[in-house]
Every structure is written in structure tokens, then in C-alpha cells.
file query25.txt (compact mmCIF, C-alpha atoms and all ligand atoms)
# COMPACT_ATOMS: atom_id res chain seq x y z
CA MET A 3 159.81 123.48 153.75
CA SER A 4 156.77 121.23 154.26
CA GLU A 5 156.52 118.77 157.14
CA SER A 6 157.18 115.82 154.87
CA HIS A 7 160.14 117.67 153.42
CA ASP A 8 161.78 118.18 156.85
CA ALA A 9 161.88 114.42 157.33
CA TYR A 10 164.24 114.15 154.35
CA ALA A 11 166.61 116.93 155.42
CA THR A 12 169.38 114.41 156.13
CA ALA A 13 168.12 111.67 153.80
CA GLY A 14 170.81 112.19 151.16
CA GLN A 15 173.35 110.72 153.60
CA HIS A 16 171.13 107.68 154.16
CA TYR A 17 170.47 107.06 150.46
CA THR A 18 174.14 107.26 149.56
CA SER A 19 175.36 105.30 152.60
CA SER A 20 177.18 102.02 151.93
CA THR A 21 175.17 100.27 154.68
CA ARG A 22 171.76 101.03 153.12
CA ARG A 23 171.98 98.07 150.75
CA ASP A 24 172.20 95.38 153.40
CA TRP A 25 171.63 91.69 152.56
CA VAL A 26 167.88 91.98 153.06
CA LYS A 27 167.77 94.90 150.62
CA ARG A 28 169.96 93.21 147.98
CA ALA A 29 168.83 89.61 148.22
CA TRP A 30 165.28 89.94 149.41
CA GLU A 31 163.57 93.31 148.83
CA GLU A 32 165.08 94.23 145.46
CA PRO A 33 164.40 90.79 143.93
CA ALA A 34 160.84 90.99 145.30
CA PHE A 35 160.40 94.36 143.57
CA HIS A 36 161.67 92.83 140.33
CA ARG A 37 159.44 89.78 140.64
CA HIS A 38 156.31 91.83 141.20
CA LEU A 39 157.14 94.42 138.55
CA GLU A 40 157.87 91.66 136.08
CA ALA A 41 154.49 90.05 136.74
CA ALA A 42 152.72 93.41 136.52
CA LEU A 43 154.42 94.31 133.21
CA ALA A 44 153.29 90.99 131.74
CA ARG A 45 149.72 91.60 132.91
CA ALA A 46 149.79 95.15 131.50
CA ALA A 47 151.24 93.89 128.20
CA ALA A 48 148.22 91.60 127.88
CA HIS A 49 146.12 94.79 127.84
CA GLY A 50 148.32 96.46 125.21
CA LEU A 51 151.09 98.20 127.22
CA ARG A 52 153.73 99.46 124.79
CA ALA A 53 157.23 97.96 124.92
CA ASP A 54 158.90 101.40 124.72
CA LEU A 55 158.13 102.82 128.11
CA ASP A 56 157.68 106.46 128.96
CA VAL A 57 158.07 106.43 132.73
CA LEU A 58 157.05 108.80 135.53
CA ASP A 59 158.69 108.09 138.90
CA ILE A 60 156.60 109.68 141.65
CA GLY A 61 158.53 110.75 144.78
CA CYS A 62 161.70 109.65 143.00
CA GLY A 63 164.19 110.81 145.66
CA THR A 64 167.66 109.89 144.39
CA GLY A 65 166.26 107.76 141.53
CA VAL A 66 166.25 104.37 143.24
CA ALA A 67 163.09 103.11 141.49
CA LEU A 68 164.59 103.88 138.10
CA ASP A 69 167.70 101.90 139.02
CA LEU A 70 165.47 98.98 139.94
CA LEU A 71 163.37 99.34 136.80
CA LEU A 72 166.43 99.26 134.55
CA ALA A 73 167.66 96.09 136.28
CA THR A 74 164.28 94.33 135.96
CA PRO A 75 164.72 91.20 133.82
CA SER A 76 162.30 92.35 131.09
CA LEU A 77 164.22 95.59 130.61
CA ALA A 78 167.65 94.04 131.02
CA ALA A 79 166.69 91.51 128.30
CA GLY A 80 165.17 94.17 126.01
CA ARG A 81 161.56 92.88 126.09
CA PHE A 82 160.66 96.36 127.37
CA ARG A 83 162.80 99.42 126.78
CA LEU A 84 163.14 102.73 128.58
CA ALA A 85 162.23 105.45 126.08
CA ARG A 86 162.03 108.36 128.53
CA ALA A 87 161.83 108.84 132.28
CA THR A 88 160.78 111.76 134.43
CA GLY A 89 161.44 111.74 138.16
CA LEU A 90 159.17 113.95 140.28
CA ASP A 91 160.04 115.03 143.82
CA LEU A 92 159.94 118.19 145.91
CA ASP A 93 163.23 117.69 147.71
CA GLU A 94 165.94 119.64 145.87
CA GLY A 95 168.75 117.91 147.79
CA LEU A 96 167.59 114.44 146.68
CA LEU A 97 166.86 115.66 143.14
CA ALA A 98 170.42 116.99 142.88
CA ILE A 99 171.77 113.53 143.75
CA ALA A 100 169.40 111.94 141.21
CA ARG A 101 170.46 114.39 138.48
CA SER A 102 174.13 113.75 139.04
CA ARG A 103 173.60 109.97 139.06
CA TYR A 104 171.76 110.11 135.72
CA ALA A 105 173.78 112.98 134.19
CA ASP A 106 174.94 110.76 131.31
CA ASP A 107 171.50 109.40 130.41
CA ALA A 108 169.72 111.77 128.02
CA ARG A 109 166.46 109.82 128.39
CA VAL A 110 166.11 110.80 132.06
CA ALA A 111 165.05 114.12 133.62
CA PHE A 112 164.15 115.09 137.16
CA VAL A 113 161.64 117.80 137.97
CA ASN A 114 160.68 119.55 141.15
CA GLY A 115 156.96 119.18 141.81
CA ASP A 116 154.34 118.01 144.27
CA LEU A 117 152.86 114.56 143.77
CA SER A 118 149.46 115.82 144.87
CA ALA A 119 149.32 118.13 141.82
CA ALA A 120 151.41 116.31 139.23
CA PRO A 121 152.57 118.60 136.40
CA ASP A 122 151.84 117.89 132.73
CA THR A 123 154.71 115.55 131.90
CA GLY A 124 152.70 112.84 130.13
CA PRO A 125 151.59 110.73 128.53
CA HIS A 126 153.29 107.94 130.49
CA ASP A 127 153.11 104.16 130.07
CA LEU A 128 154.44 103.37 133.53
CA VAL A 129 154.01 105.35 136.74
CA LEU A 130 156.47 104.10 139.34
CA SER A 131 156.64 104.72 143.05
CA SER A 132 158.85 103.16 145.68
CA GLY A 133 159.65 104.02 149.27
CA VAL A 134 156.01 104.87 150.12
CA PRO A 135 155.84 108.50 148.89
CA PHE A 136 152.02 108.40 148.72
CA SER A 137 151.86 107.80 152.48
CA HIS A 138 152.82 111.44 153.01
CA LEU A 139 149.35 112.45 151.86
CA THR A 140 146.39 112.63 154.21
CA PRO A 141 143.85 109.88 153.36
CA ASP A 142 141.49 112.31 151.61
CA ARG A 143 144.26 113.65 149.34
CA LEU A 144 145.33 110.34 147.84
CA GLU A 145 142.30 109.92 145.58
CA PRO A 146 142.55 113.35 143.86
CA ALA A 147 146.34 112.95 143.58
CA LEU A 148 145.95 109.59 141.83
CA ALA A 149 143.16 110.92 139.61
CA ARG A 150 145.46 113.70 138.46
CA ILE A 151 148.35 111.26 137.88
CA ALA A 152 146.09 108.90 135.90
CA GLN A 153 144.91 111.84 133.80
CA VAL A 154 148.52 112.98 133.16
CA ALA A 155 149.51 109.41 132.22
CA LEU A 156 146.65 108.75 129.81
CA THR A 157 145.96 112.14 128.22
CA GLY A 158 147.35 112.08 124.68
CA ALA A 159 148.34 108.40 124.96
CA GLN A 160 148.44 106.43 121.73
CA ASP A 161 145.73 103.87 121.15
CA PRO A 162 144.92 101.66 123.08
CA GLY A 163 145.72 104.02 125.99
CA VAL A 164 147.18 101.77 128.67
CA ALA A 165 149.25 102.72 131.71
CA LEU A 166 150.62 100.65 134.56
CA LEU A 167 150.26 102.64 137.78
CA ILE A 168 152.22 101.55 140.86
CA VAL A 169 151.07 102.93 144.19
CA ASP A 170 153.40 102.22 147.11
CA VAL A 171 152.20 103.06 150.65
CA LEU A 172 152.87 101.98 154.22
CA GLY A 173 150.87 98.91 155.31
CA ARG A 174 148.38 99.53 158.14
CA TYR A 175 149.04 96.19 159.85
CA SER A 176 152.82 95.77 159.79
CA LEU A 177 154.41 93.85 162.66
CA GLU A 178 156.74 96.86 162.92
CA TRP A 179 154.02 99.08 164.39
CA THR A 180 151.40 97.05 166.25
CA SER A 181 151.00 99.93 168.74
CA ARG A 182 149.70 102.06 165.83
CA TRP A 183 147.22 99.63 164.23
CA ASP A 184 144.33 101.61 165.70
CA ARG A 185 145.38 104.75 163.80
CA VAL A 186 145.28 105.63 160.12
CA ARG A 187 147.78 108.49 160.22
CA TRP A 188 150.45 108.95 162.85
CA ASP A 189 153.79 110.61 163.50
CA TYR A 190 156.38 108.36 161.89
CA ARG A 191 160.10 108.69 162.46
CA MET A 192 162.50 107.35 159.85
CA SER A 193 164.80 106.57 162.74
CA PHE A 194 166.45 103.79 160.73
CA PHE A 195 168.11 106.34 158.43
CA ALA A 196 171.89 105.95 158.36
CA THR A 197 172.64 109.59 159.18
CA ASP A 198 174.27 111.71 161.88
CA GLY A 199 171.45 114.26 161.61
CA VAL A 200 168.31 114.63 163.71
CA ILE A 201 165.30 112.84 162.22
CA PRO A 202 162.03 114.56 163.05
CA ALA A 203 158.69 112.74 163.03
CA THR A 204 156.46 113.28 160.03
CA PRO A 205 152.79 112.34 159.75
CA MET A 206 152.28 109.34 157.49
CA THR A 207 149.13 107.53 156.40
CA THR A 208 148.95 103.74 156.46
CA TRP A 209 146.58 101.77 154.20
CA ASP A 210 144.85 98.44 154.13
CA GLY A 211 144.30 96.60 150.87
CA ALA A 212 140.55 97.17 150.49
CA GLU A 213 140.80 100.92 151.14
CA LEU A 214 143.67 101.33 148.70
CA ALA A 215 141.96 99.29 145.98
CA ALA A 216 138.75 101.30 146.35
CA THR A 217 140.67 104.61 146.27
CA ILE A 218 142.48 103.62 143.07
CA GLY A 219 139.16 102.58 141.50
CA ARG A 220 137.52 105.92 142.29
CA ALA A 221 140.58 107.89 141.12
CA ALA A 222 140.61 106.01 137.81
CA ALA A 223 136.91 106.69 137.27
CA THR A 224 137.47 110.42 137.91
CA ALA A 225 140.22 110.37 135.28
CA GLY A 226 137.89 108.64 132.81
CA ALA A 227 139.84 105.38 133.04
CA GLU A 228 139.13 101.80 134.01
CA VAL A 229 141.15 99.53 136.25
CA ALA A 230 141.55 96.60 133.88
CA ASP A 231 143.74 94.61 136.28
CA LEU A 232 144.82 95.09 139.89
CA MET A 233 147.54 93.20 141.75
CA MET A 234 148.25 94.03 145.39
CA VAL A 235 151.27 92.82 147.32
CA ASP A 236 152.53 93.07 150.88
CA ARG A 237 156.26 93.71 151.06
CA SER A 238 158.65 93.10 153.94
CA LEU A 239 156.33 91.35 156.37
CA ALA A 240 159.08 90.49 158.84
CA VAL A 241 162.08 92.53 157.79
CA GLY A 242 160.92 96.14 157.37
CA ARG A 243 163.47 98.62 158.64
CA HIS A 244 161.50 99.38 161.81
CA THR A 245 162.17 95.83 163.00
CA MET A 246 165.69 97.20 163.64
CA THR A 247 164.43 100.02 165.87
CA GLY A 248 161.63 98.25 167.75
CA GLU A 249 160.23 101.76 168.12
CA TYR A 250 156.54 100.96 167.61
CA THR A 251 156.22 97.27 168.62
CA PRO A 252 157.25 96.22 172.10
CA GLY A 253 158.81 92.76 172.11
CA LEU A 254 159.55 92.58 168.39
CA PRO A 255 162.95 90.93 167.79
CA ARG A 256 165.41 92.86 165.59
CA LEU A 257 164.45 90.63 162.71
CA ARG A 258 166.11 92.48 159.86
CA ASP A 259 169.45 92.71 161.68
CA LEU A 260 169.20 89.07 162.73
CA VAL A 261 168.45 87.89 159.17
CA ASP A 262 171.35 90.02 157.87
CA ALA A 263 173.64 88.45 160.48
CA LEU A 264 172.51 84.93 159.52
CA ALA A 265 173.17 85.60 155.83
CA GLU A 266 176.41 87.51 156.31
CA PRO A 267 177.97 86.67 159.71
CA GLY A 268 179.70 89.69 161.21
CA SER A 269 177.82 92.20 159.04
CA VAL A 270 175.82 93.63 161.95
CA SER A 271 178.30 95.09 164.37
CA GLU A 272 176.56 94.40 167.69
CA LEU A 273 175.38 90.89 166.81
CA SER A 274 177.38 87.74 167.40
CA VAL A 275 178.54 85.84 164.34
CA ASP A 276 176.62 82.81 165.67
CA VAL A 277 173.00 83.89 165.72
CA ASP A 278 170.71 81.60 167.70
CA PRO A 279 167.68 80.99 165.40
CA ALA A 280 165.40 81.04 168.46
CA LEU A 281 166.05 84.80 168.69
CA LEU A 282 164.05 85.24 165.48
CA ARG A 283 160.83 83.70 166.82
CA ILE A 284 157.76 85.83 166.18
CA ASP A 285 155.68 85.51 169.31
CA LEU A 286 153.61 88.68 169.62
CA THR A 287 150.20 89.33 171.12
CA LEU A 288 148.50 91.25 168.35
CA PRO A 289 145.98 94.04 168.89
CA GLU A 290 142.51 94.11 167.37
CA ALA A 291 142.39 93.91 163.59
CA PRO A 292 140.11 92.41 160.92
CA ASP A 293 139.87 88.61 161.18
CA GLU A 294 141.60 88.00 157.84
CA VAL A 295 144.56 90.15 158.94
CA LEU A 296 144.96 88.27 162.22
CA ALA A 297 144.57 84.90 160.46
CA GLN A 298 147.19 85.80 157.88
CA HIS A 299 149.65 87.04 160.53
CA ALA A 300 149.10 83.86 162.57
CA ALA A 301 149.74 81.64 159.53
CA PHE A 302 152.83 83.66 158.66
CA ALA A 303 154.29 83.52 162.21
CA SER A 304 153.65 79.81 162.34
CA ALA A 305 155.43 79.15 159.00
CA TRP A 306 158.30 81.47 160.00
CA ASN A 307 158.75 79.88 163.44
CA ALA A 308 158.61 76.36 161.93
CA ALA A 309 161.40 77.29 159.49
CA LEU A 310 163.56 78.32 162.45
CA THR A 311 163.52 74.75 163.76
CA GLU A 312 164.76 73.22 160.49
CA PRO A 313 168.35 71.91 160.58
CA LEU A 314 169.82 74.53 158.26
CA ALA A 315 173.13 76.34 158.14
CA PRO A 316 172.76 80.10 158.90
CA ALA A 317 172.89 81.32 155.28
CA ALA A 318 170.46 78.60 154.19
CA LEU A 319 168.12 79.58 157.01
CA ALA A 320 168.18 83.21 155.83
CA GLU A 321 167.20 82.00 152.33
CA ARG A 322 164.50 79.75 153.79
CA LEU A 323 162.99 82.69 155.72
CA ARG A 324 163.01 84.71 152.54
CA SER A 325 161.02 82.03 150.77
CA VAL A 326 158.56 81.81 153.68
CA GLU A 327 157.93 85.52 153.35
CA SER A 328 157.50 85.40 149.59
CA GLU A 329 154.71 82.82 150.03
CA PHE A 330 152.75 85.39 152.02
CA GLU A 331 153.33 88.50 149.90
CA GLY A 332 150.34 87.98 147.66
CA ALA A 333 147.59 88.74 150.18
CA GLY A 334 147.89 92.50 149.69
CA LEU A 335 146.07 93.29 152.93
CA GLY A 336 148.53 95.86 154.33
CA LEU A 337 150.44 93.31 156.45
CA GLY A 338 153.96 94.46 155.63
CA HIS A 339 156.15 97.53 155.72
CA SER A 340 154.69 98.53 152.41
CA LEU A 341 151.59 97.71 150.46
CA THR A 342 152.02 98.05 146.72
CA ALA A 343 149.22 98.22 144.18
CA PHE A 344 149.95 97.52 140.50
CA ALA A 345 146.96 98.84 138.56
CA VAL A 346 146.59 98.49 134.80
CA LEU A 347 144.60 101.54 133.68
CA THR A 348 142.90 101.70 130.34
CA ALA A 349 141.33 104.79 128.84
CA ALA A 350 137.58 104.16 129.14
C1 LIG B 401 161.18 107.37 151.36
S1 LIG B 401 161.49 108.44 150.02
C2 LIG B 401 161.56 107.31 148.64
C3 LIG B 401 162.43 107.82 147.54
C4 LIG B 401 162.64 106.87 146.35
N1 LIG B 401 161.44 106.65 145.60
C5 LIG B 401 163.21 105.56 146.82
O1 LIG B 401 162.62 104.50 146.60
O2 LIG B 401 164.29 105.58 147.42
C6 LIG B 401 159.95 109.30 149.70
C7 LIG B 401 160.14 110.43 148.73
O3 LIG B 401 158.89 111.11 148.55
C8 LIG B 401 159.14 112.48 148.39
N2 LIG B 401 157.92 113.23 148.70
C9 LIG B 401 157.28 113.32 149.88
N3 LIG B 401 156.19 114.10 149.75
C10 LIG B 401 156.15 114.50 148.46
C11 LIG B 401 155.27 115.32 147.70
N4 LIG B 401 154.19 115.88 148.26
N5 LIG B 401 155.53 115.52 146.39
C12 LIG B 401 156.63 114.96 145.80
N6 LIG B 401 157.50 114.17 146.47
C13 LIG B 401 157.26 113.95 147.78
C14 LIG B 401 160.28 112.75 149.36
O4 LIG B 401 160.96 113.96 149.08
C15 LIG B 401 161.13 111.50 149.17
O5 LIG B 401 162.09 111.67 148.18
call {"tool": "encode", "arguments": {"input": "query25.txt", "output": "C-alpha cells"}}
result
Amino acid sequence: MSESHDAYATAGQHYTSSTRRDWVKRAWEEPAFHRHLEAALARAAAHGLRADLDVLDIGCGTGVALDLLLATPSLAAGRFRLARATGLDLDEGLLAIARSRYADDARVAFVNGDLSAAPDTGPHDLVLSSGVPFSHLTPDRLEPALARIAQVALTGAQDPGVALLIVDVLGRYSLEWTSRWDRVRWDYRMSFFATDGVIPATPMTTWDGAELAATIGRAAATAGAEVADLMMVDRSLAVGRHTMTGEYTPGLPRLRDLVDALAEPGSVSELSVDVDPALLRIDLTLPEAPDEVLAQHAAFASAWNAALTEPLAPAALAERLRSVESEFEGAGLGLGHSLTAFAVLTAA
């Protein structure tokens, strides 16, 4: 078992746990995924993306990204259709869960394979990733891995040869890990997993927006493709799961738990049903980082803290905080739990 594999030894329990889909997941993160995917599909369609999608889900785990894809408004309404999907992962335990969940869907198959040497499953119109699988790779391995994936997606594609490639990684400058901003790759513990098992640390690479964009550009060129459009988004700026552990940022409030408790009083066992909004203030001294990162974090904290002083009922405040965050997602600098690139590739 590889190091990254060990980290998922008890993950099946987490992914099937009833507590995994908390309010933030259901009302905030999943709709954000849909919003961004919807926008990216429209941008890719402008370059000729086919409506019948052949999908590759990289690091598919239990198949969560496919669930989200199928519930995306464009697919739910039939503007795009799922023709075929292949999930790729190297964890047999998670693949077994995925296979049983999709046992009745003949369009979907799950294969065991390494994302750094993607097998010949293409061509694919849409390459999905969610839950930061690409962060398992060392920085130097991402570019060849993406070049291979782009080649698999586009080789044999029908004219005009268009693929939407989604690359999901951990953000370098998340508020969840300010003590790690000076490092690119560090031992990361998924200590937020809902499991009774031991969760070992696994080395993960974090990315900033410029580095990720440049890496995707070079990978596309190696694959003989062009990046016709690139959209980068920061996801979960204040509510990533490590805000519940406080493991890597001293002084960070348990923002995700507090937001969940505002939205659904009593849902977080150790928190009072009456959450004092002042507990959610973001008031951190940030370490060194590029000026634009610090400016964006300062603007975000200021908008967040201002929302806390508005005379809103708890559930309305949770919604208001969600809208504050969505205003800041578009920077794509690596400010959140994950940084997601949506690249429209065209065969050059
Ligand atoms: C945090 S999980 C995300 C799973 C799923 N995409 C989701 O959104 O729930 C990351 C996944 O990447 C997979 N993974 C890690 N390294 C991999 C590799 N080198 N090749 C293929 N899959 C890998 C893990 O087994 C795990 O299923």
C-alpha cells in the first residue's frame, strides 16, 4: 500500500457516515460545486464540448463527484447527458463502495489505476476530480500526470476535440493551515474523518493559482493541446473541514461547526443551540504571503466580520455568511481548502 493509500484505510466509514453531509456540505459546498461546474460547462460548450459526455473521474473514491455531476442543473435538465463514466482510483475498498452504489447504472465503470499514469480509457469529454486527489502527487509529478490525462482525454476525440479538465487541489493559503503557508508539501492528517480508526499523516502538496495555471498550460502543450479557457476558483475559504480541528492554525474558531450550529441548532453536539455570532469572528495574524493573498484575506475577513454584526436570525446569518464567501470564490489564488481549475482543452 502506498503512503497516500494508507490515509484512506478507514475512509470508507467516513464517506458512508450520515454526519459527512453536514449543512455546510449540503447547502454551501455542493451548490458551489454545481455553480462552478455549470459555468465551466457553458464555457466549454462555447468551444464545442459535446452534449453527450464521456466522463473520467480521477481519484473517484466512492463516486461522489459523479453523484454531484448527475445532480448538476444542466444534466438534471438534459442539456448535457451522461453517455459513459469511468471512475479511476487505487483504493480497492473505496472502489468496491463505488461499484455497489452504481451497480444498476450500465453507463458507469470503476477501474483500479494510478492517476499519475492514467490508463487508456478515453477519449473523454469531461475529466472530473473532487476531494483534492491531485494533491497526493509531489509538485514535479503533477505536470506529467496532467499531460497524460489530457492525452487520454483527447486522443481519438471527434472533431473539434474539446475536453473540460477539472483539477482539484489543496489551496496553499487556506486559513485552516496558516502554520504551513511556508511549505509546499507537508504531512497532512485527515483528522476530520468520521471514523473510529487511526488516521495517519500523508504528504500532500498545496498549490497557489499561478503555479497551478502554469502547470496546466505546460501539461496541455506536452499533450499537443491548447488551454482555450481557464477558470480558477477558491472553495471553502472559511469552512474547510480543518476549521473543525484547529490542527494547523492556532486561534482559528471552529467555523464550520459554528456555521452548522447556526443553520441547524443542536446539530453539533458540543455547541449550544444559541451560538453567539461573535464566536465566528476571523481575527488572525497571518504569516508572510504574496501581497494579493494577504489583501484578499483581509477583505474577506472584513466582509465576514461585518456580516456577523447584522441583525439576522441564526439561519439567516448562516446564509449571509455563505453569500459572503461566494463573493470571494472567484480569485482562484489558493485561499481556500481547495483550489479548483476548470480548463477547456482543445486539440491544437
Ligand atoms: C479525498 S479522496 C476524494 C474522493 C472523491 N473524489 C470524493 O470527492 O469524495 C481522494 C481520492 O484520491 C485517491 N488517490 C490518491 N492517490 C491516488 C493515485 N495516485 N491514483 C489514483 N487515486 C488516488 C484516493 O484513494 C481517494 O479516493
call {"tool": "closest_residue", "arguments": {"input": "query25.txt", "among": "A:Arg150, A:Arg243, A:Arg237, A:Arg37", "to": "Phe330 (chain A)", "atoms": "all atoms listed in the file"}}
result
A:Arg237
call {"tool": "closest_residue", "arguments": {"input": "query25.txt", "among": "A:Thr88, A:Ser181, A:Thr247, A:Ser137", "to": "Met206 (chain A)", "atoms": "all atoms listed in the file"}}
result
A:Ser137
call {"tool": "residues_near_ligand", "arguments": {"input": "query25.txt", "ligand": "ligand LIG 401 (chain B)", "cutoff": "7 Å", "atoms": "all atoms listed in the file", "output": "PyMOL selection string"}}
result
chain A and resi 6-7+10+60-67+90-93+96+115-118+131-135+138-139
call {"tool": "residues_around", "arguments": {"input": "query25.txt", "residues": "Ala53 (chain A)", "least_positions_apart": "6", "cutoff": "9 Å", "atoms": "all atoms listed in the file", "output": "PyMOL selection string"}}
result
chain A and resi 47+80-84
call {"tool": "residues_near_point", "arguments": {"input": "query25.txt", "point": "(161.6, 86.4, 162.0)", "cutoff": "6 Å", "atoms": "only C-alpha atoms", "output": "list of chain:residue names"}}
result
A:Ala240, A:Leu257, A:Leu282, A:Arg283, A:Ile284
call {"tool": "closest_residue", "arguments": {"input": "query25.txt", "among": "A:Asp106, A:Glu266, A:Asp278, A:Glu294", "to": "Ala333 (chain A)", "atoms": "only C-alpha atoms"}}
result
A:Glu294
call {"tool": "atom_distance", "arguments": {"input": "query25.txt", "atom1": "CA of Leu39 (chain A)", "atom2": "CA of Ala98 (chain A)"}}
result
26.5 Å
call {"tool": "closest_residue", "arguments": {"input": "query25.txt", "among": "A:Glu178, A:Asp276, A:Asp210, A:Asp142", "to": "Val235 (chain A)", "atoms": "all atoms listed in the file"}}
result
A:Asp210
call {"tool": "residues_around", "arguments": {"input": "query25.txt", "residues": "Val164 (chain A)", "least_positions_apart": "3", "cutoff": "6 Å", "atoms": "only C-alpha atoms", "output": "MDAnalysis selection string"}}
result
chainID A and resid 51 347:348
call {"tool": "residues_around", "arguments": {"input": "query25.txt", "residues": "region 124-128 of chain A", "least_positions_apart": "6", "cutoff": "10 Å", "atoms": "all atoms listed in the file", "output": "PyMOL selection string"}}
result
chain A and resi 43+46+51-59+86-88+151-160+163-168+346-347
call {"tool": "residues_around", "arguments": {"input": "query25.txt", "residues": "region 297-311 of chain A", "least_positions_apart": "3", "cutoff": "10 Å", "atoms": "all atoms listed in the file", "output": "PyMOL selection string"}}
result
chain A and resi 175-177+239-240+278-286+288+291-294+314+319-320+322-327+329-330+333+335+337-338
call {"tool": "closest_residue", "arguments": {"input": "query25.txt", "among": "A:Thr180, A:Thr74, A:Thr217, A:Thr21", "to": "Asp259 (chain A)", "atoms": "only C-alpha atoms"}}
result
A:Thr21
